[in-house]
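Novice: This is the content of structure-v9.cif (mmCIF, N, CA and C atoms):
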```
data_work
#
loop_
_atom_site.label_atom_id
_atom_site.label_comp_id
_atom_site.auth_asym_id
_atom_site.auth_seq_id
_atom_site.Cartn_x
_atom_site.Cartn_y
_atom_site.Cartn_z
N MET A 231 0.83 -1.18 0.00
CA MET A 231 0.00 0.00 0.00
C MET A 231 0.88 1.24 0.00
N ASN A 232 0.50 2.20 -0.81
CA ASN A 232 1.29 3.43 -0.79
C ASN A 232 0.71 4.40 0.24
N ARG A 233 1.44 5.46 0.52
CA ARG A 233 1.05 6.44 1.55
C ARG A 233 -0.27 7.13 1.21
N ARG A 234 -0.48 7.38 -0.05
CA ARG A 234 -1.69 8.08 -0.46
C ARG A 234 -2.93 7.22 -0.16
N THR A 235 -2.88 5.93 -0.40
CA THR A 235 -3.99 5.02 -0.14
C THR A 235 -4.26 4.94 1.36
N VAL A 236 -3.20 4.82 2.16
CA VAL A 236 -3.35 4.75 3.61
C VAL A 236 -3.96 6.06 4.13
N LEU A 237 -3.44 7.19 3.65
CA LEU A 237 -3.95 8.49 4.08
C LEU A 237 -5.42 8.65 3.71
N ALA A 238 -5.80 8.24 2.52
CA ALA A 238 -7.20 8.32 2.09
C ALA A 238 -8.08 7.44 2.97
N GLY A 239 -7.59 6.26 3.33
CA GLY A 239 -8.34 5.35 4.19
C GLY A 239 -8.53 5.94 5.59
N VAL A 240 -7.47 6.51 6.15
CA VAL A 240 -7.56 7.13 7.48
C VAL A 240 -8.52 8.32 7.45
N LEU A 241 -8.44 9.12 6.40
CA LEU A 241 -9.32 10.27 6.26
C LEU A 241 -10.78 9.82 6.15
N ALA A 242 -11.05 8.81 5.38
CA ALA A 242 -12.41 8.29 5.22
C ALA A 242 -12.93 7.74 6.54
N LEU A 243 -12.10 7.02 7.27
CA LEU A 243 -12.50 6.45 8.55
C LEU A 243 -12.78 7.57 9.56
N THR A 244 -11.93 8.57 9.63
CA THR A 244 -12.11 9.69 10.55
C THR A 244 -13.38 10.46 10.23
N THR A 245 -13.60 10.72 8.95
CA THR A 245 -14.80 11.44 8.54
C THR A 245 -16.05 10.63 8.87
N GLY A 246 -16.01 9.34 8.62
CA GLY A 246 -17.15 8.47 8.94
C GLY A 246 -17.45 8.46 10.42
N LEU A 247 -16.42 8.40 11.26
CA LEU A 247 -16.63 8.42 12.71
C LEU A 247 -17.19 9.76 13.16
N ALA A 248 -16.71 10.83 12.60
CA ALA A 248 -17.20 12.17 12.96
C ALA A 248 -18.66 12.31 12.59
N LEU A 249 -19.04 11.84 11.40
CA LEU A 249 -20.44 11.93 10.98
C LEU A 249 -21.32 11.02 11.82
N ALA A 250 -20.83 9.86 12.19
CA ALA A 250 -21.61 8.95 13.03
C ALA A 250 -21.86 9.60 14.39
N GLY A 251 -20.91 10.34 14.90
CA GLY A 251 -21.07 11.03 16.18
C GLY A 251 -22.15 12.09 16.12
N CYS A 252 -22.38 12.66 14.96
CA CYS A 252 -23.40 13.70 14.81
C CYS A 252 -24.81 13.14 14.85
N SER A 253 -24.96 11.86 14.61
CA SER A 253 -26.31 11.31 14.53
C SER A 253 -26.72 10.56 15.78
N THR A 254 -26.05 10.81 16.90
CA THR A 254 -26.35 10.07 18.12
C THR A 254 -27.47 10.70 18.94
N GLY A 255 -28.10 11.77 18.45
CA GLY A 255 -29.16 12.40 19.20
C GLY A 255 -28.65 13.59 20.00
N SER A 256 -27.34 13.84 19.99
CA SER A 256 -26.80 14.98 20.72
C SER A 256 -27.19 16.28 20.01
N ASP A 257 -27.78 16.14 18.84
CA ASP A 257 -28.20 17.29 18.03
C ASP A 257 -29.61 17.74 18.39
N GLU A 258 -30.23 17.10 19.37
CA GLU A 258 -31.60 17.40 19.75
C GLU A 258 -31.69 18.65 20.62
N PRO A 259 -32.81 19.35 20.57
CA PRO A 259 -33.01 20.46 21.50
C PRO A 259 -33.09 19.91 22.94
N GLN A 260 -32.58 20.65 23.89
CA GLN A 260 -32.64 20.30 25.31
C GLN A 260 -33.40 21.41 26.01
N LEU A 261 -34.69 21.21 26.24
CA LEU A 261 -35.56 22.29 26.70
C LEU A 261 -35.87 22.21 28.19
N LYS A 262 -35.97 23.40 28.80
CA LYS A 262 -36.31 23.53 30.21
C LYS A 262 -37.11 24.83 30.36
N VAL A 263 -38.11 24.82 31.24
CA VAL A 263 -38.97 25.99 31.44
C VAL A 263 -38.68 26.61 32.80
N THR A 264 -38.55 27.94 32.82
CA THR A 264 -38.33 28.67 34.07
C THR A 264 -39.24 29.89 34.12
N GLY A 265 -39.37 30.48 35.29
CA GLY A 265 -40.05 31.76 35.45
C GLY A 265 -41.51 31.80 35.06
N ALA A 266 -42.19 30.68 35.15
CA ALA A 266 -43.59 30.62 34.69
C ALA A 266 -44.53 31.28 35.70
N TYR A 267 -45.53 32.03 35.19
CA TYR A 267 -46.58 32.59 36.04
C TYR A 267 -47.76 33.04 35.19
N LEU A 268 -48.88 33.25 35.87
CA LEU A 268 -50.10 33.74 35.24
C LEU A 268 -50.68 34.79 36.18
N PRO A 269 -50.76 36.06 35.75
CA PRO A 269 -51.40 37.06 36.59
C PRO A 269 -52.87 36.71 36.79
N GLN A 270 -53.37 36.92 38.01
CA GLN A 270 -54.78 36.61 38.30
C GLN A 270 -55.66 37.36 37.31
N PRO A 271 -56.52 36.64 36.56
CA PRO A 271 -57.34 37.30 35.56
C PRO A 271 -58.46 38.13 36.18
N VAL A 272 -58.84 39.20 35.49
CA VAL A 272 -59.95 40.06 35.93
C VAL A 272 -61.16 39.92 35.00
N SER A 273 -61.01 39.13 33.95
CA SER A 273 -62.12 38.88 33.01
C SER A 273 -62.09 37.40 32.63
N ASP A 274 -62.72 37.05 31.50
CA ASP A 274 -62.71 35.65 31.06
C ASP A 274 -61.52 35.36 30.14
N MET A 275 -60.51 36.24 30.21
CA MET A 275 -59.26 36.04 29.47
C MET A 275 -58.09 36.11 30.45
N ALA A 276 -56.99 35.48 30.06
CA ALA A 276 -55.77 35.54 30.88
C ALA A 276 -54.57 35.39 29.97
N ALA A 277 -53.42 35.78 30.49
CA ALA A 277 -52.16 35.63 29.75
C ALA A 277 -51.17 34.88 30.63
N GLY A 278 -50.36 34.04 30.00
CA GLY A 278 -49.33 33.29 30.71
C GLY A 278 -47.96 33.66 30.19
N PHE A 279 -47.01 33.60 31.11
CA PHE A 279 -45.65 34.01 30.78
C PHE A 279 -44.66 32.98 31.32
N LEU A 280 -43.57 32.78 30.57
CA LEU A 280 -42.53 31.83 30.97
C LEU A 280 -41.34 31.97 30.04
N VAL A 281 -40.26 31.28 30.38
CA VAL A 281 -39.07 31.26 29.54
C VAL A 281 -38.78 29.79 29.20
N VAL A 282 -38.60 29.51 27.91
CA VAL A 282 -38.18 28.17 27.47
C VAL A 282 -36.70 28.29 27.12
N GLN A 283 -35.86 27.61 27.90
CA GLN A 283 -34.42 27.62 27.66
C GLN A 283 -34.04 26.38 26.87
N ASN A 284 -33.15 26.56 25.90
CA ASN A 284 -32.69 25.46 25.06
C ASN A 284 -31.17 25.38 25.17
N SER A 285 -30.68 24.38 25.90
CA SER A 285 -29.23 24.21 26.03
C SER A 285 -28.68 23.30 24.94
N GLY A 286 -29.54 22.81 24.05
CA GLY A 286 -29.13 21.92 22.98
C GLY A 286 -28.55 22.67 21.79
N SER A 287 -27.97 21.91 20.87
CA SER A 287 -27.32 22.51 19.69
C SER A 287 -28.27 22.57 18.49
N SER A 288 -29.55 22.28 18.71
CA SER A 288 -30.54 22.32 17.64
C SER A 288 -31.72 23.18 18.08
N ALA A 289 -32.20 24.04 17.20
CA ALA A 289 -33.35 24.89 17.50
C ALA A 289 -34.62 24.04 17.50
N ASP A 290 -35.67 24.57 18.10
CA ASP A 290 -36.98 23.93 18.09
C ASP A 290 -38.02 25.03 17.93
N ARG A 291 -39.29 24.65 17.89
CA ARG A 291 -40.37 25.63 17.79
C ARG A 291 -41.49 25.25 18.75
N LEU A 292 -41.97 26.24 19.50
CA LEU A 292 -43.18 26.06 20.30
C LEU A 292 -44.34 26.19 19.32
N THR A 293 -45.15 25.14 19.18
CA THR A 293 -46.20 25.14 18.17
C THR A 293 -47.60 25.31 18.74
N SER A 294 -47.80 24.95 20.01
CA SER A 294 -49.12 25.14 20.62
C SER A 294 -49.03 24.94 22.13
N VAL A 295 -50.11 25.36 22.79
CA VAL A 295 -50.23 25.20 24.24
C VAL A 295 -51.64 24.71 24.52
N THR A 296 -51.77 23.74 25.41
CA THR A 296 -53.08 23.27 25.83
C THR A 296 -53.18 23.39 27.35
N SER A 297 -54.43 23.52 27.85
CA SER A 297 -54.63 23.69 29.28
C SER A 297 -56.07 23.35 29.64
N PRO A 298 -56.27 22.75 30.83
CA PRO A 298 -57.64 22.53 31.29
C PRO A 298 -58.37 23.83 31.62
N LEU A 299 -57.65 24.95 31.74
CA LEU A 299 -58.26 26.24 32.06
C LEU A 299 -59.14 26.76 30.92
N SER A 300 -58.79 26.40 29.68
CA SER A 300 -59.52 26.91 28.53
C SER A 300 -59.36 25.97 27.34
N ASP A 301 -60.39 25.90 26.53
CA ASP A 301 -60.30 25.14 25.27
C ASP A 301 -59.76 26.00 24.15
N ASP A 302 -59.54 27.29 24.44
CA ASP A 302 -59.07 28.25 23.44
C ASP A 302 -57.78 28.90 23.94
N VAL A 303 -56.66 28.20 23.76
CA VAL A 303 -55.35 28.70 24.19
C VAL A 303 -54.50 28.90 22.94
N THR A 304 -53.98 30.12 22.79
CA THR A 304 -53.17 30.43 21.61
C THR A 304 -51.87 31.11 22.05
N ILE A 305 -50.97 31.25 21.10
CA ILE A 305 -49.73 31.98 21.37
C ILE A 305 -49.74 33.25 20.53
N HIS A 306 -49.33 34.35 21.18
CA HIS A 306 -49.41 35.67 20.55
C HIS A 306 -48.06 36.37 20.58
N GLU A 307 -47.79 37.10 19.53
CA GLU A 307 -46.63 37.98 19.53
C GLU A 307 -47.12 39.41 19.65
N THR A 308 -46.26 40.25 20.20
CA THR A 308 -46.58 41.67 20.31
C THR A 308 -45.50 42.43 19.56
N LYS A 309 -45.93 43.17 18.53
CA LYS A 309 -45.03 44.01 17.75
C LYS A 309 -45.68 45.38 17.60
N ASN A 310 -44.90 46.43 17.81
CA ASN A 310 -45.43 47.79 17.69
C ASN A 310 -46.69 47.98 18.53
N GLN A 311 -46.68 47.42 19.73
CA GLN A 311 -47.79 47.50 20.68
C GLN A 311 -49.07 46.88 20.14
N ARG A 312 -48.95 45.97 19.19
CA ARG A 312 -50.10 45.25 18.65
C ARG A 312 -49.90 43.76 18.89
N MET A 313 -50.97 43.11 19.31
CA MET A 313 -50.93 41.69 19.61
C MET A 313 -51.57 40.92 18.46
N ARG A 314 -50.96 39.80 18.07
CA ARG A 314 -51.59 38.96 17.05
C ARG A 314 -51.21 37.51 17.28
N GLU A 315 -52.11 36.61 16.94
CA GLU A 315 -51.88 35.18 17.09
C GLU A 315 -50.85 34.72 16.06
N VAL A 316 -49.96 33.81 16.48
CA VAL A 316 -48.98 33.22 15.58
C VAL A 316 -49.08 31.70 15.67
N SER A 317 -48.53 31.02 14.68
CA SER A 317 -48.60 29.56 14.66
C SER A 317 -47.47 28.91 15.45
N SER A 318 -46.36 29.65 15.67
CA SER A 318 -45.24 29.07 16.42
C SER A 318 -44.25 30.16 16.81
N PHE A 319 -43.38 29.80 17.76
CA PHE A 319 -42.26 30.65 18.16
C PHE A 319 -40.99 29.81 18.11
N GLU A 320 -39.92 30.39 17.62
CA GLU A 320 -38.63 29.69 17.62
C GLU A 320 -38.04 29.65 19.02
N VAL A 321 -37.46 28.50 19.35
CA VAL A 321 -36.65 28.35 20.56
C VAL A 321 -35.24 28.08 20.04
N PRO A 322 -34.40 29.12 19.96
CA PRO A 322 -33.10 28.97 19.30
C PRO A 322 -32.16 28.01 20.04
N ALA A 323 -31.29 27.39 19.28
CA ALA A 323 -30.24 26.55 19.87
C ALA A 323 -29.38 27.41 20.78
N LYS A 324 -29.04 26.87 21.95
CA LYS A 324 -28.21 27.60 22.93
C LYS A 324 -28.81 28.96 23.27
N GLY A 325 -30.14 29.05 23.25
CA GLY A 325 -30.81 30.32 23.52
C GLY A 325 -32.11 30.10 24.25
N GLU A 326 -32.99 31.10 24.20
CA GLU A 326 -34.25 30.97 24.91
C GLU A 326 -35.37 31.74 24.21
N LEU A 327 -36.57 31.28 24.49
CA LEU A 327 -37.80 31.95 24.08
C LEU A 327 -38.36 32.59 25.34
N ASP A 328 -38.49 33.90 25.34
CA ASP A 328 -38.96 34.64 26.51
C ASP A 328 -40.38 35.14 26.25
N LEU A 329 -41.34 34.56 26.95
CA LEU A 329 -42.72 35.01 26.88
C LEU A 329 -42.92 35.89 28.10
N GLU A 330 -43.06 37.22 27.88
CA GLU A 330 -43.06 38.17 28.99
C GLU A 330 -44.13 39.23 28.83
N ARG A 331 -44.47 39.89 29.93
CA ARG A 331 -45.46 40.97 29.90
C ARG A 331 -45.02 42.03 28.91
N GLY A 332 -45.97 42.50 28.10
CA GLY A 332 -45.67 43.51 27.10
C GLY A 332 -45.05 42.94 25.85
N GLY A 333 -44.85 41.62 25.82
CA GLY A 333 -44.23 40.98 24.66
C GLY A 333 -45.01 39.74 24.25
N ASN A 334 -44.30 38.77 23.73
CA ASN A 334 -44.91 37.51 23.32
C ASN A 334 -45.46 36.79 24.56
N HIS A 335 -46.57 36.05 24.38
CA HIS A 335 -47.21 35.44 25.53
C HIS A 335 -48.18 34.32 25.11
N ILE A 336 -48.67 33.61 26.12
CA ILE A 336 -49.72 32.61 25.94
C ILE A 336 -51.04 33.29 26.28
N MET A 337 -52.04 33.11 25.44
CA MET A 337 -53.35 33.76 25.64
C MET A 337 -54.41 32.70 25.90
N PHE A 338 -55.13 32.87 27.00
CA PHE A 338 -56.23 31.97 27.37
C PHE A 338 -57.53 32.75 27.17
N MET A 339 -58.42 32.24 26.34
CA MET A 339 -59.72 32.88 26.08
C MET A 339 -60.83 32.01 26.68
N LYS A 340 -61.95 32.64 27.00
CA LYS A 340 -63.13 31.92 27.51
C LYS A 340 -62.75 30.96 28.64
N LEU A 341 -62.22 31.52 29.71
CA LEU A 341 -61.79 30.71 30.86
C LEU A 341 -62.95 29.89 31.42
N LYS A 342 -62.67 28.65 31.80
CA LYS A 342 -63.68 27.80 32.41
C LYS A 342 -63.94 28.23 33.86
N GLN A 343 -62.93 28.80 34.50
CA GLN A 343 -63.06 29.42 35.82
C GLN A 343 -61.93 30.42 35.96
N LYS A 344 -62.06 31.33 36.93
CA LYS A 344 -61.02 32.34 37.17
C LYS A 344 -60.13 31.86 38.30
N PRO A 345 -58.89 31.47 37.98
CA PRO A 345 -57.99 31.04 39.05
C PRO A 345 -57.63 32.21 39.96
N LYS A 346 -57.44 31.91 41.23
CA LYS A 346 -57.11 32.93 42.23
C LYS A 346 -55.62 32.90 42.57
N GLN A 347 -55.13 34.02 43.05
CA GLN A 347 -53.73 34.13 43.47
C GLN A 347 -53.41 33.00 44.45
N GLY A 348 -52.27 32.36 44.24
CA GLY A 348 -51.84 31.23 45.08
C GLY A 348 -52.16 29.88 44.46
N GLU A 349 -53.11 29.82 43.52
CA GLU A 349 -53.42 28.57 42.84
C GLU A 349 -52.40 28.35 41.71
N LYS A 350 -52.51 27.21 41.05
CA LYS A 350 -51.64 26.90 39.91
C LYS A 350 -52.50 26.48 38.73
N VAL A 351 -52.06 26.87 37.54
CA VAL A 351 -52.73 26.50 36.30
C VAL A 351 -51.78 25.61 35.51
N SER A 352 -52.23 24.44 35.15
CA SER A 352 -51.40 23.50 34.39
C SER A 352 -51.51 23.79 32.88
N VAL A 353 -50.37 23.78 32.21
CA VAL A 353 -50.35 23.91 30.75
C VAL A 353 -49.42 22.85 30.19
N GLU A 354 -49.67 22.48 28.95
CA GLU A 354 -48.77 21.57 28.25
C GLU A 354 -48.26 22.29 27.01
N LEU A 355 -46.94 22.43 26.93
CA LEU A 355 -46.30 23.09 25.80
C LEU A 355 -45.96 22.03 24.76
N HIS A 356 -46.32 22.29 23.52
CA HIS A 356 -46.08 21.34 22.42
C HIS A 356 -45.04 21.94 21.48
N PHE A 357 -44.08 21.11 21.09
CA PHE A 357 -42.96 21.56 20.26
C PHE A 357 -42.90 20.77 18.97
N GLU A 358 -42.19 21.33 18.01
CA GLU A 358 -41.99 20.67 16.72
C GLU A 358 -41.16 19.40 16.87
N LYS A 359 -40.10 19.44 17.67
CA LYS A 359 -39.17 18.31 17.79
C LYS A 359 -39.23 17.64 19.16
N ALA A 360 -39.17 18.43 20.22
CA ALA A 360 -39.08 17.88 21.58
C ALA A 360 -40.43 17.36 22.04
N ASP A 361 -40.39 16.48 23.03
CA ASP A 361 -41.62 15.99 23.65
C ASP A 361 -42.33 17.13 24.37
N PRO A 362 -43.65 17.02 24.55
CA PRO A 362 -44.38 18.06 25.28
C PRO A 362 -43.83 18.23 26.71
N ILE A 363 -43.95 19.43 27.23
CA ILE A 363 -43.54 19.73 28.60
C ILE A 363 -44.76 20.25 29.35
N THR A 364 -45.06 19.64 30.50
CA THR A 364 -46.15 20.11 31.35
C THR A 364 -45.57 21.05 32.40
N VAL A 365 -46.21 22.21 32.56
CA VAL A 365 -45.74 23.24 33.47
C VAL A 365 -46.92 23.74 34.30
N ASP A 366 -46.68 23.97 35.59
CA ASP A 366 -47.68 24.62 36.44
C ASP A 366 -47.34 26.10 36.53
N LEU A 367 -48.29 26.94 36.12
CA LEU A 367 -48.12 28.39 36.21
C LEU A 367 -48.71 28.86 37.53
N PRO A 368 -47.88 29.33 38.46
CA PRO A 368 -48.45 29.87 39.69
C PRO A 368 -49.21 31.16 39.38
N VAL A 369 -50.39 31.30 39.98
CA VAL A 369 -51.20 32.50 39.77
C VAL A 369 -50.70 33.58 40.73
N LYS A 370 -50.28 34.69 40.16
CA LYS A 370 -49.73 35.82 40.91
C LYS A 370 -50.75 36.96 40.94
N GLU A 371 -50.43 38.02 41.71
CA GLU A 371 -51.34 39.17 41.72
C GLU A 371 -51.46 39.71 40.30
N THR A 372 -52.56 40.37 40.04
CA THR A 372 -52.89 40.85 38.70
C THR A 372 -51.79 41.71 38.08
N THR A 373 -51.09 42.49 38.89
CA THR A 373 -50.08 43.42 38.38
C THR A 373 -48.67 42.83 38.38
N HIS A 374 -48.52 41.57 38.74
CA HIS A 374 -47.18 40.96 38.86
C HIS A 374 -46.36 41.11 37.57
N ASN A 375 -45.15 41.58 37.72
CA ASN A 375 -44.22 41.71 36.60
C ASN A 375 -42.81 41.55 37.15
N PRO A 376 -42.20 40.37 36.99
CA PRO A 376 -40.87 40.14 37.57
C PRO A 376 -39.78 41.02 36.96
N LYS A 377 -40.00 41.56 35.77
CA LYS A 377 -38.99 42.42 35.12
C LYS A 377 -38.91 43.77 35.80
N LYS A 378 -39.94 44.17 36.53
CA LYS A 378 -39.97 45.49 37.15
C LYS A 378 -39.65 45.44 38.64
N GLN A 379 -39.23 44.30 39.14
CA GLN A 379 -38.92 44.19 40.57
C GLN A 379 -37.48 44.53 40.86
#
```
Show the structure stored in the file as structure tokens.

Specialist:
Amino acid sequence: MNRRTVLAGVLALTTGLALAGCSTGSDEPQLKVTGAYLPQPVSDMAAGFLVVQNSGSSADRLTSVTSPLSDDVTIHETKNQRMREVSSFEVPAKGELDLERGGNHIMFMKLKQKPKQGEKVSVELHFEKADPITVDLPVKETTHNPKKQ
């Protein structure tokens, strides 16, 4: 065998091993939810806020939210002080999706009951790639805003 053949074989083997390492699932989003809360509603609507952190090397998308609190739960973006329903939000790789007061949020319409401060509201977050995540949103006072504390 000449050096060129050996070098080509080593290069092919190294490349194959490197590519095999990429397909082990380490490329999956790694999602975690923090800072979840729901201000006590004053009408038959409510908004939920939380942060989805992604420590993985692959982005994902929040595609929907379900909850026993309402059969009509949507996700909304706020741009130029206008709110509108969207079909999904990106959860960037090595980044986070921040659903916060005055910004993007979860919207609950036609509440089945009005949760009171101190209670918890269960939601299930659905993603494009990752398994659903169930989160309890603690109900806070109506004016609660952790960014202003």

Novice: Do you know which residues are at most 6 Å from stretch 306-317 of chain A counting all atoms listed in the file, after dropping those on the same chain fewer than 5 positions away, and could you put them as an MDAnalysis selection string?

Specialist: chainID A and resid 292:293 332:337

Novice: Show which residues sit within 9 Å of A:Val351, as a ChimeraX atom specification. Count only C-alpha atoms, and ignore same-chain residues fewer than 3 positions away.

Specialist: /A:267-268,297-299,345,365-369

Novice: Taking the backbone alone, and naming residues the way the document does, which bits of chain A are strand (DSSP E) by DSSP, as JSON, numbers by chain?

Specialist: {"A": [261, 262, 263, 264, 265, 266, 267, 268, 269, 276, 277, 278, 279, 280, 281, 282, 283, 284, 290, 291, 292, 293, 294, 295, 296, 302, 303, 304, 305, 306, 307, 308, 309, 312, 313, 314, 315, 316, 319, 320, 321, 325, 326, 327, 328, 329, 335, 336, 337, 338, 339, 350, 351, 352, 353, 354, 355, 356, 357, 363, 364, 365, 366, 367, 368, 369, 370]}

Novice: Any idea what's packed within 8 Å of A:Pro322, counting all atoms listed in the file, ignoring anything in its chain fewer than 4 positions away? Could you give it as a PyMOL selection string?

Specialist: chain A and resi 259+282-291+326-327

Novice: Those same residues, written as a PDB file, in the coordinates of the input with N, CA and C atoms?

Specialist:
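Generated output (result33.pdb):
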```
ATOM      1  N   PRO A 259     -32.810  19.350  20.570  1.00  0.00           N
ATOM      2  CA  PRO A 259     -33.010  20.460  21.500  1.00  0.00           C
ATOM      3  C   PRO A 259     -33.090  19.910  22.940  1.00  0.00           C
ATOM      4  N   VAL A 282     -38.600  29.510  27.910  1.00  0.00           N
ATOM      5  CA  VAL A 282     -38.180  28.170  27.470  1.00  0.00           C
ATOM      6  C   VAL A 282     -36.700  28.290  27.120  1.00  0.00           C
ATOM      7  N   GLN A 283     -35.860  27.610  27.900  1.00  0.00           N
ATOM      8  CA  GLN A 283     -34.420  27.620  27.660  1.00  0.00           C
ATOM      9  C   GLN A 283     -34.040  26.380  26.870  1.00  0.00           C
ATOM     10  N   ASN A 284     -33.150  26.560  25.900  1.00  0.00           N
ATOM     11  CA  ASN A 284     -32.690  25.460  25.060  1.00  0.00           C
ATOM     12  C   ASN A 284     -31.170  25.380  25.170  1.00  0.00           C
ATOM     13  N   SER A 285     -30.680  24.380  25.900  1.00  0.00           N
ATOM     14  CA  SER A 285     -29.230  24.210  26.030  1.00  0.00           C
ATOM     15  C   SER A 285     -28.680  23.300  24.940  1.00  0.00           C
ATOM     16  N   GLY A 286     -29.540  22.810  24.050  1.00  0.00           N
ATOM     17  CA  GLY A 286     -29.130  21.920  22.980  1.00  0.00           C
ATOM     18  C   GLY A 286     -28.550  22.670  21.790  1.00  0.00           C
ATOM     19  N   SER A 287     -27.970  21.910  20.870  1.00  0.00           N
ATOM     20  CA  SER A 287     -27.320  22.510  19.690  1.00  0.00           C
ATOM     21  C   SER A 287     -28.270  22.570  18.490  1.00  0.00           C
ATOM     22  N   SER A 288     -29.550  22.280  18.710  1.00  0.00           N
ATOM     23  CA  SER A 288     -30.540  22.320  17.640  1.00  0.00           C
ATOM     24  C   SER A 288     -31.720  23.180  18.080  1.00  0.00           C
ATOM     25  N   ALA A 289     -32.200  24.040  17.200  1.00  0.00           N
ATOM     26  CA  ALA A 289     -33.350  24.890  17.500  1.00  0.00           C
ATOM     27  C   ALA A 289     -34.620  24.040  17.500  1.00  0.00           C
ATOM     28  N   ASP A 290     -35.670  24.570  18.100  1.00  0.00           N
ATOM     29  CA  ASP A 290     -36.980  23.930  18.090  1.00  0.00           C
ATOM     30  C   ASP A 290     -38.020  25.030  17.930  1.00  0.00           C
ATOM     31  N   ARG A 291     -39.290  24.650  17.890  1.00  0.00           N
ATOM     32  CA  ARG A 291     -40.370  25.630  17.790  1.00  0.00           C
ATOM     33  C   ARG A 291     -41.490  25.250  18.750  1.00  0.00           C
ATOM     34  N   GLU A 326     -32.990  31.100  24.200  1.00  0.00           N
ATOM     35  CA  GLU A 326     -34.250  30.970  24.910  1.00  0.00           C
ATOM     36  C   GLU A 326     -35.370  31.740  24.210  1.00  0.00           C
ATOM     37  N   LEU A 327     -36.570  31.280  24.490  1.00  0.00           N
ATOM     38  CA  LEU A 327     -37.800  31.950  24.080  1.00  0.00           C
ATOM     39  C   LEU A 327     -38.360  32.590  25.340  1.00  0.00           C
TER      40      LEU A 327
END
```

Novice: Any idea what the distance is between atom C of A:Val295 and atom CA of A:Glu258?

Specialist: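 Spanning atom C of A:Val295 to atom CA of A:Glu258 is a straight-line distance of 21.9 Å.
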
Novice: Run DSSP on the backbone of this structure and report the residues of chain A it assigns to helix (DSSP H, G or I), as a PyMOL selection string.

Specialist: chain A and resi 233-252+376-378

Novice: If I take atom N of A:Lys324 and atom CA of A:Asp361, how far is one from the other in Å, to one decimal?

Specialist: 16.7 Å

Novice: Between A:Ile363, A:Asp301, A:Gly278, A:Asn375, which one has atoms that come closest to A:Leu329, using only N, CA and C atoms?

Specialist: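 Closest to A:Leu329 of all the choices is A:Gly278.
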
Novice: Let me make sure I understand: among A:Val303, A:Leu355, A:Ala323, A:Val272, which one has the smallest atom-to-atom distance to A:Lys340 if we use only N, CA and C atoms?

Specialist: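 Once distances to A:Lys340 are computed over only N, CA and C atoms, the minimum belongs to A:Val303.
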
Novice: Quick one: stretch 362-366 of chain A with all heavy atoms, as a tab-separated table (two decimals), in the coordinates of the input?

Specialist:
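File written: result_32.tsv
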```tsv
chain	number	residue	atom	x	y	z
A	362	PRO	N	-43.65	17.02	24.55
A	362	PRO	CA	-44.38	18.06	25.28
A	362	PRO	C	-43.83	18.23	26.71
A	362	PRO	O	-43.33	17.28	27.31
A	362	PRO	CB	-45.81	17.54	25.32
A	362	PRO	CG	-45.90	16.56	24.19
A	362	PRO	CD	-44.53	15.96	24.07
A	363	ILE	N	-43.95	19.43	27.23
A	363	ILE	CA	-43.54	19.73	28.60
A	363	ILE	C	-44.76	20.25	29.35
A	363	ILE	O	-45.42	21.19	28.90
A	363	ILE	CB	-42.43	20.80	28.63
A	363	ILE	CG1	-41.18	20.30	27.90
A	363	ILE	CG2	-42.10	21.20	30.07
A	363	ILE	CD1	-40.08	21.36	27.77
A	364	THR	N	-45.06	19.64	30.50
A	364	THR	CA	-46.15	20.11	31.35
A	364	THR	C	-45.57	21.05	32.40
A	364	THR	O	-44.56	20.74	33.03
A	364	THR	CB	-46.87	18.93	32.02
A	364	THR	OG1	-47.40	18.09	30.99
A	364	THR	CG2	-47.99	19.40	32.91
A	365	VAL	N	-46.21	22.21	32.56
A	365	VAL	CA	-45.74	23.24	33.47
A	365	VAL	C	-46.92	23.74	34.30
A	365	VAL	O	-48.01	23.91	33.77
A	365	VAL	CB	-45.14	24.44	32.69
A	365	VAL	CG1	-44.66	25.53	33.62
A	365	VAL	CG2	-44.04	24.00	31.76
A	366	ASP	N	-46.68	23.97	35.59
A	366	ASP	CA	-47.68	24.62	36.44
A	366	ASP	C	-47.34	26.10	36.53
A	366	ASP	O	-46.24	26.47	36.94
A	366	ASP	CB	-47.69	24.01	37.84
A	366	ASP	CG	-48.36	22.65	37.86
A	366	ASP	OD1	-49.24	22.39	37.00
A	366	ASP	OD2	-48.01	21.82	38.73
```
